[in-house]
$ cat start_29.csv   # CSV, C-alpha atoms and all ligand atoms
chain,number,residue,atom,x,y,z
A,15,MET,CA,-21.3,-3.6,4.2
A,16,ARG,CA,-18.8,-6.0,5.8
A,17,ARG,CA,-18.0,-6.3,9.4
A,18,LEU,CA,-15.1,-3.9,10.0
A,19,ALA,CA,-14.3,-5.0,13.5
A,20,ILE,CA,-12.3,-2.0,13.8
A,21,VAL,CA,-8.9,-3.3,13.8
A,22,LEU,CA,-8.4,0.4,14.6
A,23,ALA,CA,-9.6,-0.2,18.1
A,24,GLY,CA,-6.6,-2.3,18.8
A,25,LEU,CA,-4.4,0.2,17.0
A,26,ALA,CA,-5.8,3.1,18.9
A,27,ALA,CA,-4.6,1.3,22.0
A,28,ALA,CA,-1.2,0.9,20.4
A,29,CYS,CA,-1.2,4.6,19.6
A,30,ALA,CA,-2.2,5.5,23.1
A,31,SER,CA,0.9,3.6,24.3
A,32,HIS,CA,3.0,6.2,22.5
A,33,GLY,CA,2.2,8.4,25.5
A,34,SER,CA,0.2,11.5,26.3
A,35,ASN,CA,1.5,13.3,23.2
A,36,GLY,CA,0.1,10.4,21.1
A,37,PRO,CA,-2.3,11.0,18.2
A,38,ASP,CA,-5.4,11.1,20.3
A,39,ALA,CA,-4.2,13.7,22.8
A,40,GLY,CA,-7.0,16.3,23.1
A,41,VAL,CA,-8.2,15.9,19.5
A,42,GLN,CA,-11.6,15.0,18.2
A,43,TRP,CA,-10.9,13.3,14.9
A,44,ARG,CA,-13.4,13.2,12.0
A,45,THR,CA,-12.6,9.6,11.1
A,46,LEU,CA,-15.3,7.0,10.9
A,47,SER,CA,-14.3,5.5,14.2
A,48,GLY,CA,-13.4,8.8,15.9
A,49,GLU,CA,-10.0,7.4,16.5
A,50,ALA,CA,-6.8,8.9,15.1
A,51,PRO,CA,-6.1,8.2,11.4
A,52,ILE,CA,-3.5,5.5,10.8
A,53,VAL,CA,-0.2,6.1,9.1
A,54,ILE,CA,0.7,3.5,6.5
A,55,ALA,CA,4.3,3.3,5.4
A,56,HIS,CA,3.9,3.2,1.6
A,57,ARG,CA,6.3,0.5,0.2
A,58,GLY,CA,8.0,0.9,3.6
A,59,ALA,CA,9.9,4.0,4.5
A,60,SER,CA,10.5,4.1,0.7
A,61,GLY,CA,11.6,7.7,0.6
A,62,MET,CA,14.7,6.7,2.6
A,63,ARG,CA,15.4,3.1,1.7
A,64,PRO,CA,14.9,1.1,-1.6
A,65,GLU,CA,11.2,0.4,-1.7
A,66,HIS,CA,9.8,-3.0,-0.7
A,67,THR,CA,12.8,-4.2,1.2
A,68,LEU,CA,13.0,-5.5,4.8
A,69,ALA,CA,15.2,-2.4,5.5
A,70,ALA,CA,12.4,-0.1,4.3
A,71,TYR,CA,9.7,-1.8,6.3
A,72,ASP,CA,11.9,-2.1,9.4
A,73,LEU,CA,12.8,1.6,9.3
A,74,ALA,CA,9.1,2.5,9.0
A,75,ILE,CA,8.3,0.4,12.1
A,76,THR,CA,11.1,2.1,14.0
A,77,GLN,CA,9.8,5.5,13.0
A,78,GLY,CA,6.4,4.5,14.4
A,79,ALA,CA,4.3,3.6,11.4
A,80,ASP,CA,1.0,1.9,12.3
A,81,PHE,CA,1.0,-0.3,9.1
A,82,ILE,CA,3.5,-1.2,6.5
A,83,GLU,CA,2.5,-1.7,2.9
A,84,PRO,CA,3.8,-4.6,0.8
A,85,ASP,CA,2.7,-4.7,-2.9
A,86,LEU,CA,2.5,-8.4,-3.9
A,87,VAL,CA,3.4,-10.1,-7.2
A,88,MET,CA,4.1,-13.8,-7.9
A,89,THR,CA,7.3,-15.7,-8.9
A,90,ALA,CA,7.4,-18.4,-11.6
A,91,ASP,CA,7.3,-21.0,-8.8
A,92,GLY,CA,4.2,-19.5,-7.1
A,93,VAL,CA,5.7,-17.5,-4.2
A,94,LEU,CA,4.3,-14.1,-3.2
A,95,VAL,CA,7.0,-11.5,-3.2
A,96,CYS,CA,7.1,-7.8,-2.6
A,97,ARG,CA,7.4,-5.5,-5.7
A,98,HIS,CA,5.3,-2.7,-7.0
A,99,ASP,CA,5.7,-3.7,-10.6
A,100,ARG,CA,5.9,-7.0,-12.4
A,101,TYR,CA,9.0,-5.7,-14.2
A,102,LEU,CA,12.3,-5.7,-12.4
A,103,SER,CA,14.7,-3.2,-14.1
A,104,THR,CA,13.7,-0.1,-12.0
A,105,THR,CA,14.0,-1.5,-8.5
A,106,THR,CA,16.8,-4.1,-8.9
A,107,ASP,CA,20.2,-4.6,-10.5
A,108,ILE,CA,19.0,-7.2,-13.0
A,109,ALA,CA,20.1,-5.1,-16.0
A,110,ASP,CA,23.7,-5.5,-14.7
A,111,ARG,CA,23.4,-9.3,-14.7
A,112,PRO,CA,24.9,-10.8,-17.9
A,113,ASP,CA,23.6,-14.3,-17.0
A,114,PHE,CA,20.0,-12.9,-17.2
A,115,ALA,CA,20.5,-10.8,-20.3
A,116,ASP,CA,18.7,-13.3,-22.6
A,117,ARG,CA,15.6,-13.3,-20.3
A,118,ARG,CA,14.6,-9.8,-21.3
A,119,SER,CA,11.4,-9.8,-23.2
A,120,VAL,CA,8.4,-7.7,-24.2
A,121,ALA,CA,5.2,-8.0,-22.2
A,122,ASN,CA,2.1,-5.9,-21.7
A,123,THR,CA,1.4,-3.7,-18.7
A,124,VAL,CA,-1.5,-1.4,-17.8
A,125,ASP,CA,0.5,1.3,-19.4
A,126,GLY,CA,1.2,-0.7,-22.6
A,127,PRO,CA,3.9,-3.0,-23.9
A,128,ARG,CA,7.3,-2.8,-22.3
A,129,GLU,CA,10.7,-4.6,-22.8
A,130,ASP,CA,12.0,-5.7,-19.4
A,131,TRP,CA,12.6,-8.6,-17.1
A,132,TRP,CA,9.4,-9.9,-15.6
A,133,VAL,CA,8.9,-11.3,-12.1
A,134,GLU,CA,6.8,-14.2,-13.3
A,135,ASP,CA,9.6,-15.5,-15.5
A,136,PHE,CA,12.0,-16.0,-12.5
A,137,THR,CA,12.0,-18.5,-9.6
A,138,LEU,CA,12.3,-17.3,-6.1
A,139,GLY,CA,15.9,-18.6,-6.0
A,140,GLU,CA,16.8,-16.6,-9.1
A,141,LEU,CA,15.2,-13.4,-7.7
A,142,ARG,CA,17.1,-13.8,-4.5
A,143,THR,CA,20.3,-13.3,-6.3
A,144,LEU,CA,19.2,-9.8,-7.2
A,145,ARG,CA,19.8,-6.7,-5.1
A,146,ALA,CA,17.3,-3.8,-4.6
A,147,ARG,CA,18.0,-0.2,-5.7
A,148,GLN,CA,16.3,3.1,-5.3
A,149,PRO,CA,14.0,3.8,-8.3
A,150,PHE,CA,13.1,7.5,-7.5
A,151,PRO,CA,15.4,10.2,-8.9
A,152,GLY,CA,16.6,12.5,-6.2
A,153,ARG,CA,16.4,10.0,-3.4
A,154,SER,CA,19.4,8.5,-1.7
A,155,THR,CA,21.1,5.6,-3.4
A,156,GLU,CA,23.3,4.9,-0.4
A,157,TYR,CA,21.5,1.7,0.4
A,158,ASP,CA,21.4,0.3,-3.1
A,159,GLY,CA,22.9,-3.2,-3.7
A,160,GLN,CA,22.3,-4.4,-0.1
A,161,GLU,CA,18.8,-5.8,0.2
A,162,LEU,CA,17.0,-8.8,-1.2
A,163,ILE,CA,13.5,-9.0,-2.7
A,164,PRO,CA,11.5,-10.1,0.4
A,165,THR,CA,8.8,-12.7,0.4
A,166,PHE,CA,5.4,-12.0,1.9
A,167,GLU,CA,6.1,-14.6,4.6
A,168,GLU,CA,9.2,-12.7,5.6
A,169,VAL,CA,7.2,-9.5,5.9
A,170,ILE,CA,4.7,-11.2,8.2
A,171,GLU,CA,7.6,-12.6,10.3
A,172,LEU,CA,9.2,-9.1,10.6
A,173,VAL,CA,5.9,-7.5,11.6
A,174,GLN,CA,5.1,-10.1,14.2
A,175,ARG,CA,8.6,-10.0,15.7
A,176,ARG,CA,8.8,-6.2,15.9
A,177,SER,CA,5.3,-6.0,17.3
A,178,ALA,CA,6.3,-8.4,20.1
A,179,ASP,CA,9.6,-6.5,20.7
A,180,LEU,CA,8.0,-3.1,20.8
A,181,GLY,CA,4.8,-4.1,22.6
A,182,ARG,CA,2.5,-2.5,20.1
A,183,THR,CA,0.5,-3.9,17.2
A,184,ILE,CA,2.0,-3.1,13.8
A,185,GLY,CA,-0.3,-4.0,10.9
A,186,ILE,CA,0.3,-5.0,7.3
A,187,TYR,CA,-1.5,-3.6,4.3
A,188,PRO,CA,-0.8,-6.0,1.4
A,189,GLU,CA,-1.9,-5.1,-2.2
A,190,THR,CA,-2.6,-7.8,-4.7
A,191,LYS,CA,-1.0,-6.5,-8.0
A,192,SER,CA,-2.6,-7.7,-11.3
A,193,PRO,CA,-4.3,-10.7,-9.8
A,194,THR,CA,-6.3,-11.5,-12.9
A,195,TYR,CA,-3.2,-11.5,-15.0
A,196,PHE,CA,-1.4,-13.8,-12.7
A,197,ALA,CA,-4.3,-16.2,-12.4
A,198,GLY,CA,-4.4,-16.3,-16.2
A,199,ILE,CA,-0.8,-17.6,-16.4
A,200,GLY,CA,-1.5,-20.2,-13.7
A,201,LEU,CA,-0.3,-18.2,-10.7
A,202,ASP,CA,-3.5,-17.5,-8.7
A,203,MET,CA,-2.7,-15.3,-5.7
A,204,THR,CA,-5.7,-16.2,-3.7
A,205,GLU,CA,-4.6,-19.5,-2.2
A,206,PRO,CA,-1.1,-18.4,-1.2
A,207,LEU,CA,-2.4,-15.2,0.3
A,208,ILE,CA,-5.0,-17.0,2.4
A,209,GLU,CA,-2.5,-19.6,3.4
A,210,ALA,CA,-0.1,-17.0,4.6
A,211,LEU,CA,-2.8,-15.1,6.5
A,212,GLU,CA,-4.0,-18.4,8.1
A,213,GLY,CA,-0.5,-19.1,9.2
A,214,ALA,CA,-0.3,-15.8,10.9
A,215,GLY,CA,-3.7,-16.2,12.5
A,216,TRP,CA,-5.0,-13.2,10.5
A,217,THR,CA,-8.2,-14.3,8.8
A,218,GLY,CA,-10.6,-12.8,11.4
A,219,ALA,CA,-12.2,-9.4,11.2
A,220,ASP,CA,-9.9,-8.2,14.0
A,221,ALA,CA,-6.7,-9.0,12.1
A,222,PRO,CA,-4.3,-6.1,12.0
A,223,VAL,CA,-4.5,-6.3,8.2
A,224,PHE,CA,-6.1,-4.5,5.3
A,225,ILE,CA,-6.0,-6.4,1.9
A,226,GLN,CA,-6.2,-3.9,-0.9
A,227,SER,CA,-6.6,-4.2,-4.7
A,228,PHE,CA,-7.5,-2.2,-7.8
A,229,GLU,CA,-9.4,-5.3,-9.0
A,230,PRO,CA,-12.7,-5.8,-7.2
A,231,GLU,CA,-13.0,-9.5,-8.3
A,232,ILE,CA,-10.3,-10.8,-6.0
A,233,LEU,CA,-11.7,-8.8,-3.1
A,234,ARG,CA,-15.2,-10.3,-3.7
A,235,THR,CA,-13.5,-13.8,-3.7
A,236,LEU,CA,-11.7,-13.1,-0.5
A,237,ASP,CA,-14.9,-11.7,1.1
A,238,ALA,CA,-16.4,-15.2,0.7
A,239,ARG,CA,-13.4,-16.9,2.2
A,240,ILE,CA,-12.1,-14.8,5.1
A,241,GLU,CA,-13.1,-12.0,7.5
A,242,THR,CA,-9.9,-10.0,7.1
A,243,PRO,CA,-10.7,-6.3,6.3
A,244,LEU,CA,-10.7,-5.5,2.6
A,245,VAL,CA,-10.1,-2.2,0.8
A,246,GLN,CA,-11.0,-1.3,-2.8
A,247,LEU,CA,-8.5,1.1,-4.5
A,248,VAL,CA,-10.2,4.0,-6.2
A,249,TYR,CA,-8.7,6.6,-8.6
A,250,LEU,CA,-9.7,9.2,-11.1
A,251,ASP,CA,-9.6,7.3,-14.4
A,252,PRO,CA,-8.8,9.7,-17.3
A,253,THR,CA,-10.4,7.3,-19.8
A,254,LEU,CA,-13.8,7.6,-18.0
A,255,GLN,CA,-15.3,11.0,-18.5
A,256,ASP,CA,-18.1,12.6,-16.6
A,257,GLY,CA,-18.6,15.7,-18.9
A,258,ALA,CA,-15.1,17.2,-19.0
A,259,ALA,CA,-13.9,15.6,-15.7
A,260,PRO,CA,-12.4,12.2,-15.2
A,261,ARG,CA,-14.5,9.7,-13.2
A,262,PRO,CA,-13.5,7.2,-10.5
A,263,ASN,CA,-12.6,3.7,-11.8
A,264,ILE,CA,-15.4,2.3,-9.6
A,265,ALA,CA,-18.5,3.5,-7.7
A,266,ILE,CA,-18.8,3.2,-4.0
A,267,GLU,CA,-22.2,1.5,-4.5
A,268,ASP,CA,-20.5,-1.3,-6.6
A,269,VAL,CA,-18.2,-2.4,-3.8
A,270,VAL,CA,-19.9,-1.5,-0.5
A,271,ASP,CA,-21.3,-5.0,-0.1
A,272,PHE,CA,-17.9,-6.7,0.1
A,273,VAL,CA,-15.3,-4.2,1.3
A,274,ASP,CA,-14.6,-2.4,4.5
A,275,GLY,CA,-13.0,0.7,3.0
A,276,LEU,CA,-11.6,2.6,0.1
A,277,GLY,CA,-8.0,3.3,-0.7
A,278,ALA,CA,-8.4,6.6,-2.5
A,279,GLN,CA,-6.2,8.7,-4.8
A,280,LYS,CA,-5.8,11.9,-2.9
A,281,THR,CA,-7.2,14.0,-5.8
A,282,LEU,CA,-10.6,12.4,-5.1
A,283,ILE,CA,-10.5,14.0,-1.7
A,284,ILE,CA,-9.0,17.4,-2.4
A,285,ASP,CA,-9.7,18.8,-5.8
A,286,GLU,CA,-7.3,20.8,-8.1
A,287,ASN,CA,-8.4,24.0,-6.4
A,288,GLY,CA,-7.4,22.7,-2.9
A,289,ALA,CA,-11.0,22.3,-1.9
A,290,ALA,CA,-12.4,19.3,-0.1
A,291,THR,CA,-14.8,17.1,-2.2
A,292,ALA,CA,-17.7,15.1,-0.7
A,293,PHE,CA,-15.8,11.8,-1.2
A,294,VAL,CA,-14.9,11.1,2.4
A,295,GLU,CA,-18.4,12.1,3.6
A,296,ARG,CA,-20.1,9.8,1.1
A,297,ALA,CA,-17.8,6.9,2.0
A,298,HIS,CA,-18.4,7.4,5.7
A,299,ALA,CA,-22.2,7.6,5.0
A,300,HIS,CA,-21.9,4.1,3.5
A,301,GLY,CA,-19.9,2.9,6.6
A,302,LEU,CA,-16.6,2.7,4.6
A,303,ILE,CA,-13.3,4.0,5.9
A,304,VAL,CA,-11.0,6.0,3.5
A,305,HIS,CA,-7.2,5.7,3.3
A,306,ALA,CA,-5.6,8.3,1.0
A,307,TRP,CA,-2.6,7.9,-1.2
A,308,THR,CA,0.2,8.9,-1.7
A,309,PHE,CA,2.0,11.5,0.4
A,310,ARG,CA,5.6,12.2,-0.5
A,311,ASP,CA,7.9,14.8,1.0
A,312,ASP,CA,9.6,15.2,-2.4
A,313,GLN,CA,6.4,15.6,-4.3
A,314,PRO,CA,4.4,18.4,-2.5
A,315,PRO,CA,1.2,19.8,-4.1
A,316,PRO,CA,1.8,22.0,-7.1
A,317,ASP,CA,0.1,25.1,-5.4
A,318,GLY,CA,3.0,25.8,-3.1
A,319,VAL,CA,1.4,24.0,-0.1
A,320,THR,CA,3.9,22.3,2.1
A,321,ILE,CA,3.7,18.5,2.7
A,322,GLU,CA,2.9,19.2,6.3
A,323,ASN,CA,0.0,21.4,5.3
A,324,GLU,CA,-1.2,18.9,2.7
A,325,LEU,CA,-1.4,16.3,5.4
A,326,ALA,CA,-3.1,18.7,7.9
A,327,ARG,CA,-5.7,19.4,5.2
A,328,ILE,CA,-6.4,15.8,4.6
A,329,PHE,CA,-6.6,14.9,8.3
A,330,ALA,CA,-9.0,17.8,8.8
A,331,ILE,CA,-11.3,16.4,6.1
A,332,GLY,CA,-11.6,13.2,8.2
A,333,VAL,CA,-9.6,10.5,6.3
A,334,ASP,CA,-9.1,7.4,8.3
A,335,GLY,CA,-5.5,6.9,7.2
A,336,VAL,CA,-2.7,8.1,4.9
A,337,PHE,CA,-0.2,6.2,2.8
A,338,SER,CA,3.2,8.0,2.9
A,339,ASP,CA,6.7,7.2,1.5
A,340,PHE,CA,7.9,9.2,4.5
A,341,PRO,CA,6.0,7.9,7.5
A,342,ALA,CA,8.0,10.0,9.9
A,343,THR,CA,6.6,13.1,8.3
A,344,ALA,CA,3.0,11.8,8.3
A,345,LEU,CA,3.4,10.9,12.0
A,346,ARG,CA,4.7,14.4,12.8
A,347,ALA,CA,1.8,15.9,10.9
A,348,ARG,CA,-0.7,13.7,12.8
A,349,ARG,CA,0.8,14.9,16.1
A,350,LEU,CA,0.4,18.5,15.0
A,351,ALA,CA,-3.1,18.1,13.6
A,352,SER,CA,-6.2,19.3,15.2
A,353,ALA,CA,-9.5,18.3,13.7
A,354,PRO,CA,-12.5,19.8,15.5
A,355,ARG,CA,-15.9,18.3,14.7
A,401,LIG,O1,-2.0,1.0,-2.6
A,401,LIG,C1,-2.2,2.4,-2.5
A,401,LIG,C2,-1.3,3.0,-3.5
A,401,LIG,O2,0.0,2.4,-3.2
A,401,LIG,C3,-1.7,2.6,-4.8
A,401,LIG,O3,-0.8,3.0,-5.7
A,401,LIG,O4,0.6,2.3,-7.5
A,401,LIG,O5,1.7,3.0,-5.4
A,401,LIG,O6,0.5,0.8,-5.6
A,401,LIG,P1,0.6,2.2,-6.0
A,402,CA,CA,0.2,0.0,-3.3
$ encode --input "start_29.csv" --output "structure tokens"
Amino acid sequence: MRRLAIVLAGLAAACASHGSNGPDAGVQWRTLSGEAPIVIAHRGASGMRPEHTLAAYDLAITQGADFIEPDLVMTADGVLVCRHDRYLSTTTDIADRPDFADRRSVANTVDGPREDWWVEDFTLGELRTLRARQPFPGRSTEYDGQELIPTFEEVIELVQRRSADLGRTIGIYPETKSPTYFAGIGLDMTEPLIEALEGAGWTGADAPVFIQSFEPEILRTLDARIETPLVQLVYLDPTLQDGAAPRPNIAIEDVVDFVDGLGAQKTLIIDENGAATAFVERAHAHGLIVHAWTFRDDQPPPDGVTIENELARIFAIGVDGVFSDFPATALRARRLASAPR
């Protein structure tokens, strides 16, 4: 187990500064630290603004999120920028750009081949001529066409500036997307990521940062280089069967030596019958925190449970944090939650 210097201690202090109605008021939480679970703005307040834009991150901070989550990919000229996918058609206006029409090509993704425009084929300068748009059907398109693709450095600057202005620590939760693929085309993420964190003074165990990845190899590499808290992403992999049931993509025992926590698909924590699994208990027994993804107001559970009740259930189980596209909702649910030991 690594040294999780409980960045949360600092954040708990920040939460306490929200006042006596803050997340710790009169509640005994079942988190590993006993502090309130953190609320992570998933792709920013992405339910209300185009995801991975400074506007989405900024709104999440204004709403009170503890952390904001940039997913990271690399440009052709080696700059870390914030996008969930390597392809650009769903979150930008690139399809409307005749000057880029001949740059469309077929490439592989984890879901198979796809014809699209790919971030690694464009320089930062080219990407900055695009404008972001809302990719989720049913969400507001009011803010489409206004925002740029931000760099990781800009996100750090935003978080540090708003933390200073608000007098509370806002953390970042960067995810390295497809690091092995990028390294294979000469765009290794490791050095630019470490350089950016060094520049921010965030390579210690007390940094208000969690670095996450589905790929354990980059986390193992980072473990040898920096003390910044690390999180392995875990999900039920339908291609890995345990009898008739899907298995997690990775076992806790395989990562416990080099990470501080697990970013878990919520179906690992609450099963299809709405019952709690032993996942959080097992992770905590290994000294690992658990942050669950993803909570969306417009995608409540299929069993008629409201999003507020879904969050109340997950808080009662003892998760250490939640990723939400609607951080204001998760914050409200946290305020309402009681989780007796
Ligand atoms: O990083 C937690 C969660 O965001 C993982 O899923 O696909 O939304 O990045 P994804
Ligand atoms: Ca993510």
$ residues_near_ligand --input "start_29.csv" --ligand "ligand LIG 401 (chain A)" --cutoff "7 Å" --atoms "all atoms listed in the file" --output "PyMOL selection string"
chain A and resi 56+85+98+189+226+247+277+307-308+337
$ residues_around --input "start_29.csv" --residues "segment 205-212 of chain A" --least-positions-apart "6" --cutoff "10 Å" --atoms "all atoms listed in the file" --output "list of chain:residue names"
A:Leu86, A:Met88, A:Gly92, A:Val93, A:Leu94, A:Phe166, A:Glu167, A:Ile170, A:Pro188, A:Thr190, A:Gly218, A:Ala221, A:Val223, A:Ile225, A:Leu236, A:Arg239, A:Ile240, A:Thr242
$ closest_residue --input "start_29.csv" --among "A:Pro127, A:Gly58, A:Gly139, A:Pro51" --to "ligand CA 402 (chain A)" --atoms "all atoms listed in the file"
A:Gly58
$ atom_distance --input "start_29.csv" --atom1 "atom CA of Leu201 of chain A" --atom2 "atom CA of Asp274 of chain A"
26.2 Å
$ atom_distance --input "start_29.csv" --atom1 "atom CA of Gly48 of chain A" --atom2 "atom CA of Ala326 of chain A"
16.4 Å
$ atom_distance --input "start_29.csv" --atom1 "atom CA of Asp339 of chain A" --atom2 "atom CA of Ala299 of chain A"
29.1 Å
$ closest_residue --input "start_29.csv" --among "A:Ile186, A:Gly78, A:Asp135, A:Thr104" --to "Pro151 of chain A" --atoms "all atoms listed in the file"
A:Thr104
$ closest_residue --input "start_29.csv" --among "A:Phe228, A:Tyr157, A:Trp132, A:Phe114" --to "ligand CA 402 (chain A)" --atoms "all atoms listed in the file"
A:Phe228
